[in-house]
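coords_16.txt (compact mmCIF, C-alpha atoms)
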# COMPACT_ATOMS: atom_id res chain seq x y z
CA MET A 1 -30.12 -36.33 -1.98
CA THR A 2 -28.99 -32.71 -1.78
CA THR A 3 -25.50 -31.51 -2.55
CA THR A 4 -24.06 -28.35 -1.13
CA SER A 5 -21.74 -26.45 -3.43
CA LYS A 6 -18.34 -25.50 -2.10
CA PRO A 7 -17.74 -21.81 -1.40
CA ASN A 8 -16.07 -20.09 -4.36
CA TYR A 9 -13.04 -18.56 -2.67
CA LYS A 10 -11.63 -17.52 -6.04
CA LYS A 11 -14.44 -14.96 -6.15
CA THR A 12 -13.23 -13.67 -2.77
CA LEU A 13 -9.70 -13.44 -4.14
CA ARG A 14 -10.87 -11.53 -7.25
CA ALA A 15 -12.80 -9.09 -5.06
CA CYS A 16 -9.66 -8.47 -2.98
CA TYR A 17 -7.61 -8.01 -6.18
CA LEU A 18 -10.02 -5.26 -7.23
CA GLY A 19 -9.89 -3.92 -3.67
CA PHE A 20 -6.15 -3.33 -3.94
CA ILE A 21 -6.60 -1.77 -7.38
CA THR A 22 -9.17 0.57 -5.77
CA GLN A 23 -6.65 1.47 -3.07
CA ALA A 24 -4.06 2.26 -5.74
CA ILE A 25 -6.55 4.53 -7.54
CA ALA A 26 -7.35 6.36 -4.29
CA ALA A 27 -3.68 6.88 -3.44
CA ASN A 28 -2.38 7.84 -6.87
CA PHE A 29 -5.08 9.63 -8.91
CA ALA A 30 -5.15 13.00 -7.12
CA PRO A 31 -1.36 13.60 -7.42
CA LEU A 32 -1.77 13.45 -11.21
CA ILE A 33 -3.99 16.56 -11.11
CA PHE A 34 -2.31 18.57 -8.35
CA LEU A 35 -1.22 21.34 -10.73
CA LYS A 36 -4.65 21.36 -12.40
CA LEU A 37 -6.35 21.83 -9.02
CA HIS A 38 -3.82 24.54 -8.19
CA ASN A 39 -4.54 26.43 -11.45
CA ASP A 40 -8.32 25.89 -11.66
CA TYR A 41 -9.19 26.79 -8.07
CA GLN A 42 -6.28 29.12 -7.26
CA ILE A 43 -5.21 26.93 -4.35
CA PRO A 44 -1.64 27.60 -3.14
CA LEU A 45 0.79 24.69 -3.63
CA GLY A 46 1.42 24.65 0.12
CA MET A 47 -2.25 23.78 0.64
CA ILE A 48 -2.20 21.27 -2.23
CA ALA A 49 0.65 19.53 -0.38
CA LEU A 50 -1.81 18.90 2.49
CA ILE A 51 -3.82 16.51 0.29
CA PRO A 52 -1.47 13.49 0.63
CA THR A 53 -0.97 14.38 4.31
CA ALA A 54 -4.74 14.24 4.89
CA PHE A 55 -4.95 10.99 2.91
CA PHE A 56 -2.31 9.13 4.94
CA PHE A 57 -3.40 10.65 8.27
CA THR A 58 -6.97 9.44 7.60
CA GLN A 59 -5.63 5.97 6.82
CA LEU A 60 -3.77 5.94 10.14
CA ILE A 61 -6.98 6.82 12.00
CA VAL A 62 -8.84 4.07 10.13
CA ASP A 63 -6.10 1.57 11.07
CA VAL A 64 -6.62 2.38 14.77
CA PHE A 65 -10.42 2.21 14.35
CA CYS A 66 -10.19 -1.20 12.68
CA ALA A 67 -8.01 -2.62 15.46
CA LYS A 68 -10.76 -1.81 17.94
CA PHE A 69 -14.11 -2.13 16.17
CA VAL A 70 -14.03 -4.16 12.93
CA ASP A 71 -14.57 -7.50 14.65
CA ARG A 72 -17.76 -6.10 16.19
CA ILE A 73 -19.02 -4.61 12.93
CA GLY A 74 -18.10 -7.65 10.83
CA TYR A 75 -15.77 -8.13 7.87
CA ARG A 76 -18.43 -8.08 5.17
CA ALA A 77 -20.11 -4.85 6.26
CA SER A 78 -16.73 -3.17 6.71
CA ILE A 79 -15.26 -4.22 3.35
CA VAL A 80 -18.45 -3.29 1.47
CA ALA A 81 -18.28 0.09 3.21
CA SER A 82 -14.70 0.45 1.96
CA GLU A 83 -15.86 0.28 -1.66
CA ILE A 84 -18.76 2.67 -1.01
CA PHE A 85 -16.47 5.26 0.61
CA SER A 86 -13.93 4.90 -2.22
CA ALA A 87 -16.53 5.36 -4.97
CA VAL A 88 -18.30 8.25 -3.24
CA GLY A 89 -14.98 10.00 -2.56
CA LEU A 90 -13.84 9.78 -6.19
CA VAL A 91 -17.17 11.06 -7.51
CA ALA A 92 -17.21 13.80 -4.85
CA LEU A 93 -13.77 14.94 -6.04
CA ALA A 94 -15.35 15.74 -9.39
CA PHE A 95 -18.28 17.74 -8.01
CA LEU A 96 -17.75 19.01 -4.43
CA PRO A 97 -15.10 21.65 -5.30
CA GLU A 98 -17.70 23.35 -7.53
CA LEU A 99 -20.64 22.89 -5.15
CA LEU A 100 -19.08 24.17 -1.92
CA PRO A 101 -18.10 27.80 -1.23
CA SER A 102 -14.51 26.64 -0.69
CA ALA A 103 -13.07 24.45 -3.44
CA PHE A 104 -10.28 23.32 -1.12
CA ALA A 105 -12.81 22.17 1.49
CA GLY A 106 -14.59 20.15 -1.20
CA ILE A 107 -11.33 18.52 -2.24
CA MET A 108 -10.36 17.66 1.35
CA ILE A 109 -13.78 16.18 2.14
CA SER A 110 -13.48 14.00 -0.97
CA VAL A 111 -9.95 12.93 -0.06
CA VAL A 112 -11.00 11.96 3.47
CA LEU A 113 -13.92 9.92 2.09
CA TYR A 114 -11.86 7.82 -0.30
CA ALA A 115 -9.01 7.62 2.23
CA ILE A 116 -11.46 5.94 4.65
CA GLY A 117 -12.21 3.41 1.92
CA SER A 118 -8.51 2.93 1.18
CA GLY A 119 -7.69 2.45 4.86
CA LEU A 120 -10.38 -0.21 5.27
CA ILE A 121 -9.13 -2.02 2.17
CA GLU A 122 -5.55 -1.92 3.44
CA VAL A 123 -6.52 -3.50 6.77
CA LEU A 124 -9.20 -5.98 5.66
CA CYS A 125 -8.20 -7.52 2.33
CA SER A 126 -5.12 -9.27 3.74
CA PRO A 127 -6.89 -11.04 6.64
CA ILE A 128 -9.86 -11.88 4.37
CA VAL A 129 -7.51 -13.72 2.01
CA GLU A 130 -5.51 -15.16 4.92
CA ALA A 131 -8.74 -16.69 6.27
CA CYS A 132 -9.49 -18.47 2.97
CA PRO A 133 -8.35 -22.12 2.77
CA PHE A 134 -5.69 -21.62 0.09
CA GLU A 135 -2.76 -24.04 0.04
CA ASN A 136 0.18 -21.63 0.13
CA LYS A 137 -0.82 -18.49 2.01
CA GLU A 138 2.53 -16.75 1.52
CA LYS A 139 2.37 -17.07 -2.28
CA THR A 140 -1.26 -15.97 -2.33
CA MET A 141 -0.53 -12.94 -0.15
CA SER A 142 2.35 -11.83 -2.37
CA LEU A 143 0.25 -12.16 -5.52
CA LEU A 144 -2.61 -10.27 -3.85
CA HIS A 145 -0.40 -7.30 -3.01
CA SER A 146 0.94 -7.20 -6.58
CA PHE A 147 -2.44 -5.82 -7.66
CA TYR A 148 -1.70 -2.58 -5.82
CA CYS A 149 1.31 -2.21 -8.13
CA TRP A 150 -0.72 -2.94 -11.27
CA GLY A 151 -3.42 -0.54 -10.09
CA TRP A 152 -0.77 2.13 -9.47
CA LEU A 153 0.65 1.57 -12.96
CA GLY A 154 -2.80 1.48 -14.55
CA VAL A 155 -4.15 4.66 -12.96
CA THR A 156 -0.98 6.56 -13.94
CA VAL A 157 -0.71 5.35 -17.54
CA ILE A 158 -4.43 5.21 -18.41
CA SER A 159 -5.15 8.58 -16.80
CA SER A 160 -2.21 10.13 -18.68
CA LEU A 161 -3.50 8.67 -21.96
CA LEU A 162 -7.03 9.95 -21.27
CA PHE A 163 -5.69 13.40 -20.41
CA THR A 164 -3.70 13.41 -23.65
CA ALA A 165 -6.63 12.21 -25.76
CA PHE A 166 -9.42 14.32 -24.28
CA GLY A 167 -7.58 17.09 -22.47
CA ILE A 168 -6.82 17.42 -18.77
CA ASP A 169 -9.81 19.81 -18.48
CA ASN A 170 -11.93 16.64 -18.51
CA TRP A 171 -10.27 15.22 -15.39
CA LYS A 172 -13.64 15.10 -13.60
CA TYR A 173 -14.92 12.49 -16.06
CA VAL A 174 -11.74 10.48 -15.49
CA ALA A 175 -12.34 10.58 -11.71
CA CYS A 176 -15.89 9.25 -12.25
CA PHE A 177 -14.53 6.60 -14.62
CA TRP A 178 -12.22 5.27 -11.89
CA ALA A 179 -15.13 5.24 -9.42
CA LEU A 180 -16.72 2.47 -11.52
CA ILE A 181 -14.25 -0.10 -10.16
CA PRO A 182 -15.21 0.22 -6.47
CA LEU A 183 -18.89 0.53 -7.47
CA TYR A 184 -18.68 -2.82 -9.27
CA ASN A 185 -16.71 -4.37 -6.41
CA ILE A 186 -19.50 -3.60 -3.92
CA TYR A 187 -21.42 -6.49 -5.47
CA ASN A 188 -18.38 -8.79 -5.35
CA PHE A 189 -17.78 -8.27 -1.64
CA ALA A 190 -21.50 -8.46 -0.86
CA THR A 191 -21.80 -11.93 -2.43
CA CYS A 192 -18.41 -13.66 -2.07
CA PRO A 193 -17.66 -16.10 0.79
CA ILE A 194 -15.86 -14.42 3.71
CA GLU A 195 -14.48 -16.48 6.58
CA LYS A 196 -13.39 -15.35 10.04
CA LEU A 197 -9.64 -15.19 10.56
CA VAL A 198 -10.04 -16.10 14.24
CA ASP A 199 -13.15 -17.42 15.99
CA SER A 200 -15.13 -14.83 17.94
CA GLY A 201 -13.53 -14.04 21.28
CA LYS A 202 -10.35 -16.02 20.52
CA GLY A 203 -8.32 -13.26 18.87
CA MET A 204 -5.63 -11.49 20.85
CA THR A 205 -6.47 -8.13 22.35
CA ILE A 206 -4.37 -5.06 21.64
CA LEU A 207 -2.87 -5.30 25.14
CA GLN A 208 -1.93 -8.95 24.57
CA LEU A 209 -0.27 -8.04 21.28
CA PHE A 210 1.70 -5.26 23.01
CA LYS A 211 3.08 -7.85 25.44
CA SER A 212 4.40 -10.04 22.62
CA PRO A 213 8.07 -9.46 21.58
CA LEU A 214 7.29 -11.05 18.21
CA PHE A 215 4.65 -8.41 17.56
CA TRP A 216 7.10 -5.56 18.21
CA VAL A 217 9.63 -7.12 15.84
CA ALA A 218 6.86 -7.27 13.23
CA VAL A 219 6.05 -3.60 13.88
CA VAL A 220 9.66 -2.60 13.24
CA LEU A 221 9.67 -4.72 10.06
CA MET A 222 6.52 -2.96 8.84
CA VAL A 223 7.92 0.51 9.60
CA CYS A 224 11.09 -0.37 7.69
CA SER A 225 9.07 -1.89 4.83
CA GLY A 226 6.94 1.23 4.42
CA ALA A 227 9.96 3.52 4.71
CA SER A 228 12.13 1.49 2.30
CA GLU A 229 9.37 1.48 -0.31
CA LEU A 230 8.07 5.03 -0.13
CA SER A 231 11.38 6.82 0.50
CA MET A 232 12.37 5.85 -3.03
CA ALA A 233 8.90 5.75 -4.63
CA GLN A 234 7.79 9.23 -3.58
CA TRP A 235 11.09 10.83 -4.59
CA ALA A 236 11.55 8.78 -7.78
CA SER A 237 10.07 11.36 -10.16
CA ALA A 238 12.01 14.29 -8.68
CA PHE A 239 15.17 12.19 -8.57
CA VAL A 240 14.91 11.19 -12.24
CA GLU A 241 14.07 14.78 -13.22
CA SER A 242 17.05 16.24 -11.38
CA GLY A 243 19.45 13.48 -12.43
CA LEU A 244 18.55 13.05 -16.10
CA GLY A 245 17.11 16.46 -16.97
CA LEU A 246 14.00 14.98 -18.66
CA SER A 247 10.54 16.55 -18.78
CA LYS A 248 8.27 16.06 -15.78
CA THR A 249 5.78 13.90 -17.76
CA VAL A 250 8.54 11.55 -18.87
CA CYS A 251 9.94 11.49 -15.33
CA ASP A 252 6.54 10.59 -13.85
CA LEU A 253 6.45 7.59 -16.19
CA ALA A 254 10.15 6.64 -16.01
CA GLY A 255 10.37 6.92 -12.21
CA PRO A 256 7.22 5.86 -10.34
CA CYS A 257 5.80 3.69 -13.15
CA LEU A 258 8.93 1.59 -13.63
CA PHE A 259 9.23 1.35 -9.83
CA ALA A 260 5.65 0.03 -9.69
CA VAL A 261 6.33 -2.45 -12.52
CA THR A 262 9.40 -3.97 -10.84
CA MET A 263 7.62 -4.08 -7.47
CA GLY A 264 4.70 -5.91 -9.09
CA ILE A 265 7.07 -8.33 -10.85
CA CYS A 266 8.64 -9.24 -7.51
CA ARG A 267 5.25 -9.96 -5.95
CA VAL A 268 4.11 -12.03 -8.93
CA PHE A 269 7.44 -13.89 -8.93
CA TYR A 270 7.06 -14.88 -5.28
CA GLY A 271 3.38 -15.60 -5.89
CA LYS A 272 4.39 -18.15 -8.52
CA PHE A 273 7.59 -19.62 -7.07
CA GLY A 274 7.36 -18.82 -3.36
CA ASP A 275 7.05 -22.49 -2.40
CA LYS A 276 10.63 -22.99 -3.60
CA VAL A 277 12.13 -20.14 -1.51
CA GLU A 278 11.96 -19.72 2.27
CA LEU A 279 10.24 -16.38 2.89
CA THR A 280 12.55 -14.99 5.59
CA LYS A 281 15.65 -15.74 3.51
CA PHE A 282 14.02 -14.13 0.45
CA MET A 283 13.23 -11.03 2.50
CA ILE A 284 16.80 -10.81 3.85
CA GLY A 285 18.09 -11.03 0.28
CA SER A 286 15.58 -8.37 -0.77
CA GLY A 287 16.73 -6.09 2.06
CA LEU A 288 20.37 -6.42 0.98
CA LEU A 289 19.40 -5.75 -2.65
CA CYS A 290 17.43 -2.71 -1.50
CA LEU A 291 20.51 -1.36 0.27
CA ILE A 292 22.55 -1.83 -2.91
CA CYS A 293 19.86 0.04 -4.87
CA TYR A 294 19.95 2.98 -2.46
CA ILE A 295 23.76 3.06 -2.77
CA MET A 296 23.53 2.95 -6.59
CA ALA A 297 21.01 5.81 -6.61
CA SER A 298 22.83 7.96 -4.07
CA LEU A 299 26.54 7.49 -4.83
CA SER A 300 26.74 6.86 -8.57
CA HIS A 301 27.78 9.78 -10.76
CA ASN A 302 26.36 7.95 -13.79
CA ALA A 303 22.72 8.96 -14.32
CA VAL A 304 21.79 5.65 -15.98
CA VAL A 305 23.24 3.61 -13.09
CA ALA A 306 21.42 5.84 -10.59
CA LEU A 307 18.15 5.37 -12.49
CA ALA A 308 18.72 1.60 -12.57
CA GLY A 309 19.12 1.64 -8.79
CA CYS A 310 15.88 3.57 -8.44
CA VAL A 311 13.92 1.19 -10.70
CA LEU A 312 15.47 -2.02 -9.30
CA CYS A 313 14.58 -0.80 -5.82
CA GLY A 314 10.94 -1.49 -6.71
CA PHE A 315 11.77 -5.20 -7.08
CA SER A 316 13.73 -5.23 -3.82
CA VAL A 317 10.88 -3.79 -1.72
CA GLY A 318 8.12 -5.83 -3.37
CA ILE A 319 8.09 -8.67 -0.84
CA MET A 320 8.65 -6.58 2.30
CA TRP A 321 5.08 -5.53 3.18
CA PRO A 322 3.17 -8.73 2.21
CA GLY A 323 6.03 -10.90 3.50
CA THR A 324 5.93 -9.28 6.93
CA LEU A 325 2.15 -9.82 7.09
CA SER A 326 2.58 -13.50 6.15
CA ILE A 327 5.34 -14.08 8.71
CA SER A 328 3.33 -12.30 11.42
CA SER A 329 0.20 -14.31 10.68
CA LYS A 330 2.18 -17.54 10.84
CA LYS A 331 4.07 -16.73 14.05
CA ILE A 332 1.13 -15.03 15.81
CA PRO A 333 -1.85 -17.07 14.49
CA THR A 334 -4.32 -15.58 16.98
CA GLY A 335 -3.34 -11.99 16.22
CA GLY A 336 -6.59 -11.46 14.32
CA THR A 337 -7.85 -8.17 12.92
CA ALA A 338 -6.14 -6.11 15.61
CA MET A 339 -2.73 -7.36 14.52
CA PHE A 340 -3.34 -6.67 10.81
CA ALA A 341 -4.70 -3.21 11.61
CA LEU A 342 -1.78 -2.25 13.86
CA LEU A 343 0.76 -3.59 11.36
CA ALA A 344 -0.91 -1.59 8.58
CA MET A 345 -0.63 1.47 10.81
CA ALA A 346 3.10 0.73 11.33
CA GLY A 347 3.58 0.43 7.56
CA ASP A 348 1.79 3.74 6.97
CA LEU A 349 3.90 5.32 9.71
CA GLY A 350 7.06 4.14 7.97
CA GLY A 351 5.69 5.44 4.68
CA SER A 352 5.36 8.87 6.29
CA ILE A 353 8.65 8.90 8.20
CA GLY A 354 10.86 7.67 5.35
CA PRO A 355 10.09 10.22 2.61
CA SER A 356 10.05 13.06 5.16
CA ALA A 357 13.48 12.07 6.46
CA VAL A 358 14.88 11.87 2.90
CA GLY A 359 13.46 15.31 2.15
CA MET A 360 14.87 16.90 5.31
CA ILE A 361 18.34 15.39 4.86
CA SER A 362 18.33 16.52 1.22
CA GLN A 363 17.41 20.06 2.25
CA LYS A 364 20.16 20.21 4.88
CA ALA A 365 22.63 18.97 2.23
CA GLY A 366 21.82 21.92 -0.02
CA ASP A 367 18.87 20.27 -1.84
CA ASN A 368 21.08 17.30 -2.73
CA LEU A 369 18.57 14.48 -3.20
CA GLN A 370 21.31 11.87 -3.50
CA GLN A 371 22.46 12.66 0.05
CA GLY A 372 18.89 12.18 1.28
CA LEU A 373 18.56 8.85 -0.52
CA PHE A 374 21.88 7.69 0.95
CA PHE A 375 20.36 8.21 4.41
CA GLY A 376 17.30 6.25 3.26
CA GLY A 377 19.52 3.15 3.07
CA ILE A 378 19.25 2.85 6.85
CA PHE A 379 15.73 1.39 6.53
CA PRO A 380 16.62 -1.78 4.57
CA VAL A 381 19.62 -2.24 6.92
CA LEU A 382 17.30 -2.21 9.94
CA LEU A 383 14.91 -4.56 8.14
CA VAL A 384 17.67 -7.14 7.61
CA VAL A 385 18.86 -6.83 11.22
CA PHE A 386 15.38 -7.45 12.62
CA LEU A 387 14.72 -10.33 10.19
CA ILE A 388 17.86 -12.00 11.56
CA ILE A 389 16.63 -11.33 15.10
CA LEU A 390 13.29 -12.87 14.14
CA LYS A 391 14.99 -16.04 12.87
CA PHE A 392 16.68 -16.55 16.23
CA MET A 393 13.61 -15.87 18.36
CA LYS A 394 11.97 -18.92 19.93
CA GLU A 395 9.28 -20.54 17.79
CA SER A 396 7.33 -21.31 20.96
CA GLU A 397 6.27 -17.63 21.19
CA SER A 398 3.36 -18.21 18.83
CA GLU A 399 2.24 -21.35 20.69
CA LYS A 400 2.30 -19.47 24.00
CA ASN A 401 -0.08 -16.86 22.53

Before we go any further, please render this structure as structure tokens.
Amino acid sequence: MTTTSKPNYKKTLRACYLGFITQAIAANFAPLIFLKLHNDYQIPLGMIALIPTAFFFTQLIVDVFCAKFVDRIGYRASIVASEIFSAVGLVALAFLPELLPSAFAGIMISVVLYAIGSGLIEVLCSPIVEACPFENKEKTMSLLHSFYCWGWLGVTVISSLLFTAFGIDNWKYVACFWALIPLYNIYNFATCPIEKLVDSGKGMTILQLFKSPLFWVAVVLMVCSGASELSMAQWASAFVESGLGLSKTVCDLAGPCLFAVTMGICRVFYGKFGDKVELTKFMIGSGLLCLICYIMASLSHNAVVALAGCVLCGFSVGIMWPGTLSISSKKIPTGGTAMFALLAMAGDLGGSIGPSAVGMISQKAGDNLQQGLFFGGIFPVLLVVFLIILKFMKESESEKN
């Protein structure tokens, strides 16, 4: 009598945890060495500023690519490729600037490589976990996304410690050190069980998704989620520096790191206790708290209160992105890879629009960052409005699809 062992989906979950940590490394390592790249290779700061632009633009292209082609290529091949691109890109960052005639070209090639990996991770890890037979998908999704926060915190703190201990001149070794995580995770994704989210040929097409009102509500929610999160996160260091007058190193740790910690705490909290709280209500409460945080940061004349608003904002936005994905998957069960890819693209779009809008408003207000952040409060307001709209939309929409 032969017994077949059950698939070990916990291994799949661990691989996706490391996938999100890899994405956090890809998104947050290069900004730590911007000034070093500027000084070592004599690259103007205006060109250095193109690095995050290239990173997020590449992710947007990957999102569109995934919506169209990932189902044909297959989840396993695509997610393994994500780790390969991430590892190669990080290692290339250490060597290509020296090997190519143009150091900037070497940097940009490296950024595009690991941005491809990051984009694939962003699109694929959520549906891979969603397809696993876990009991409470919403809790699992929230906990999964918390690993981006811990990766963000880890790459910032550990890299800073390594730079302090061995000197920032050794940043190339640190880049190669971080490449070990995606290299190890290649094996995990190559061997873990991966299920299909939707049977072949049964997933909705992009055109079918575009015809669904529920999908467009989800798109708006994702844009607002990305904008609410990154409008504060990307300006946190500058805001703390201008408001409290601390050194840039301390501000990098006090602003973005504490933001990442509180965002991770929110995701872990819902991952542990989500079965006791209805997700839409929790997200509406989070949106209202986010608005309060933006008001605290933008209107308070007390620097400590403003900093508290900035840090607490991390907790308020924690559930927005994974919560929207969970709601969308539940209400549009045949959305498939195309839906996850297009929603990721909407989140990235919001993450680009939000910080840019805050920056432009601040500039028009005489470089007053608090004025810019006050405008940023519009994104959690819109999120709450569309969550209320979603609650009143007919449940039969998902059945019709």

note - CA of Val112 (chain A) and CA of Leu13 (chain A) are separated by 26.5 Å

So that I can check the surroundings of region 77-85 of chain A, please list as a compact mmCIF listing (two decimals) with C-alpha atoms, in the coordinates of the input every protein, DNA and RNA residue that reaches within 7 Å of it, counting all atoms listed in the file and ignoring chain neighbours fewer than 2 positions away.
# COMPACT_ATOMS: atom_id res chain seq x y z
CA VAL A 70 -14.03 -4.16 12.93
CA ILE A 73 -19.02 -4.61 12.93
CA GLY A 74 -18.10 -7.65 10.83
CA TYR A 75 -15.77 -8.13 7.87
CA ALA A 87 -16.53 5.36 -4.97
CA VAL A 88 -18.30 8.25 -3.24
CA GLY A 89 -14.98 10.00 -2.56
CA LEU A 113 -13.92 9.92 2.09
CA TYR A 114 -11.86 7.82 -0.30
CA ILE A 116 -11.46 5.94 4.65
CA GLY A 117 -12.21 3.41 1.92
CA SER A 118 -8.51 2.93 1.18
CA LEU A 120 -10.38 -0.21 5.27
CA ILE A 121 -9.13 -2.02 2.17
CA LEU A 124 -9.20 -5.98 5.66
CA PRO A 182 -15.21 0.22 -6.47
CA LEU A 183 -18.89 0.53 -7.47
CA ASN A 185 -16.71 -4.37 -6.41
CA ILE A 186 -19.50 -3.60 -3.92
CA PHE A 189 -17.78 -8.27 -1.64
CA ALA A 190 -21.50 -8.46 -0.86

Excluding Gly354 (chain A) and residues on its chain fewer than 3 positions from it, collect all residues at most 9 Å away from it, counting all atoms listed in the file, and give them as an MDAnalysis selection string. chainID A and resid 223:224 226:232 349:351 357:359 376 379

Using only C-alpha atoms, can you tell me which of A:Ala67, A:Leu369, A:Leu291, A:Leu153 comes closest to Ile21 (chain A)?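 With only C-alpha atoms as the atom set, the closest residue is A:Leu153.
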
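Coordinates place CA of Ala233 (chain A) at a distance of 22.8 Å from CA of Phe163 (chain A).
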
Straight-line distance linking CA of Ile168 (chain A) with CA of Ile107 (chain A), stated in Å to one decimal: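 Going from CA of Ile168 (chain A) over to CA of Ile107 (chain A) covers 17.2 Å.
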
Which residues are near region 256-260 of chain A? Cut-off 12 Å, all atoms listed in the file, ignore same chain within fewer than 6 positions. Put them as a ChimeraX atom specification. /A:24,28,31-32,145-158,160,229-241,248-250,266-267,293,307-318

Please write the residues from the selection above to a file, keeping C-alpha atoms, as an mmCIF file, keeping the file's coordinate frame.
data_model
loop_
_atom_site.group_PDB
_atom_site.id
_atom_site.type_symbol
_atom_site.label_atom_id
_atom_site.label_comp_id
_atom_site.auth_asym_id
_atom_site.auth_seq_id
_atom_site.Cartn_x
_atom_site.Cartn_y
_atom_site.Cartn_z
ATOM 1 C CA ALA A 24 -4.060 2.260 -5.740
ATOM 2 C CA ASN A 28 -2.380 7.840 -6.870
ATOM 3 C CA PRO A 31 -1.360 13.600 -7.420
ATOM 4 C CA LEU A 32 -1.770 13.450 -11.210
ATOM 5 C CA HIS A 145 -0.400 -7.300 -3.010
ATOM 6 C CA SER A 146 0.940 -7.200 -6.580
ATOM 7 C CA PHE A 147 -2.440 -5.820 -7.660
ATOM 8 C CA TYR A 148 -1.700 -2.580 -5.820
ATOM 9 C CA CYS A 149 1.310 -2.210 -8.130
ATOM 10 C CA TRP A 150 -0.720 -2.940 -11.270
ATOM 11 C CA GLY A 151 -3.420 -0.540 -10.090
ATOM 12 C CA TRP A 152 -0.770 2.130 -9.470
ATOM 13 C CA LEU A 153 0.650 1.570 -12.960
ATOM 14 C CA GLY A 154 -2.800 1.480 -14.550
ATOM 15 C CA VAL A 155 -4.150 4.660 -12.960
ATOM 16 C CA THR A 156 -0.980 6.560 -13.940
ATOM 17 C CA VAL A 157 -0.710 5.350 -17.540
ATOM 18 C CA ILE A 158 -4.430 5.210 -18.410
ATOM 19 C CA SER A 160 -2.210 10.130 -18.680
ATOM 20 C CA GLU A 229 9.370 1.480 -0.310
ATOM 21 C CA LEU A 230 8.070 5.030 -0.130
ATOM 22 C CA SER A 231 11.380 6.820 0.500
ATOM 23 C CA MET A 232 12.370 5.850 -3.030
ATOM 24 C CA ALA A 233 8.900 5.750 -4.630
ATOM 25 C CA GLN A 234 7.790 9.230 -3.580
ATOM 26 C CA TRP A 235 11.090 10.830 -4.590
ATOM 27 C CA ALA A 236 11.550 8.780 -7.780
ATOM 28 C CA SER A 237 10.070 11.360 -10.160
ATOM 29 C CA ALA A 238 12.010 14.290 -8.680
ATOM 30 C CA PHE A 239 15.170 12.190 -8.570
ATOM 31 C CA VAL A 240 14.910 11.190 -12.240
ATOM 32 C CA GLU A 241 14.070 14.780 -13.220
ATOM 33 C CA LYS A 248 8.270 16.060 -15.780
ATOM 34 C CA THR A 249 5.780 13.900 -17.760
ATOM 35 C CA VAL A 250 8.540 11.550 -18.870
ATOM 36 C CA CYS A 266 8.640 -9.240 -7.510
ATOM 37 C CA ARG A 267 5.250 -9.960 -5.950
ATOM 38 C CA CYS A 293 19.860 0.040 -4.870
ATOM 39 C CA LEU A 307 18.150 5.370 -12.490
ATOM 40 C CA ALA A 308 18.720 1.600 -12.570
ATOM 41 C CA GLY A 309 19.120 1.640 -8.790
ATOM 42 C CA CYS A 310 15.880 3.570 -8.440
ATOM 43 C CA VAL A 311 13.920 1.190 -10.700
ATOM 44 C CA LEU A 312 15.470 -2.020 -9.300
ATOM 45 C CA CYS A 313 14.580 -0.800 -5.820
ATOM 46 C CA GLY A 314 10.940 -1.490 -6.710
ATOM 47 C CA PHE A 315 11.770 -5.200 -7.080
ATOM 48 C CA SER A 316 13.730 -5.230 -3.820
ATOM 49 C CA VAL A 317 10.880 -3.790 -1.720
ATOM 50 C CA GLY A 318 8.120 -5.830 -3.370
#

Min atom-atom distance to Glu138 (chain A) from the set A:Leu382, A:Met222, A:Met320, A:Ala338, counting all atoms listed in the file, belongs to A:Met320

Write out N, CA, C and O atoms for region 310-316 of chain A, as a compact mmCIF listing (two decimals), keeping the file's coordinate frame.
# COMPACT_ATOMS: atom_id res chain seq x y z
N CYS A 310 17.21 3.11 -8.81
CA CYS A 310 15.88 3.57 -8.44
C CYS A 310 14.81 2.57 -8.90
O CYS A 310 13.93 2.19 -8.13
N VAL A 311 14.92 2.11 -10.13
CA VAL A 311 13.92 1.19 -10.70
C VAL A 311 14.03 -0.19 -10.06
O VAL A 311 13.02 -0.80 -9.68
N LEU A 312 15.27 -0.70 -9.90
CA LEU A 312 15.47 -2.02 -9.30
C LEU A 312 15.03 -2.05 -7.85
O LEU A 312 14.66 -3.11 -7.32
N CYS A 313 15.03 -0.89 -7.21
CA CYS A 313 14.58 -0.80 -5.82
C CYS A 313 13.13 -1.28 -5.69
O CYS A 313 12.75 -1.86 -4.68
N GLY A 314 12.32 -1.03 -6.73
CA GLY A 314 10.94 -1.49 -6.71
C GLY A 314 10.86 -3.00 -6.52
O GLY A 314 10.03 -3.51 -5.77
N PHE A 315 11.75 -3.74 -7.23
CA PHE A 315 11.77 -5.20 -7.08
C PHE A 315 12.19 -5.59 -5.67
O PHE A 315 11.62 -6.49 -5.07
N SER A 316 13.19 -4.86 -5.13
CA SER A 316 13.73 -5.23 -3.82
C SER A 316 12.72 -5.04 -2.69
O SER A 316 12.75 -5.77 -1.70
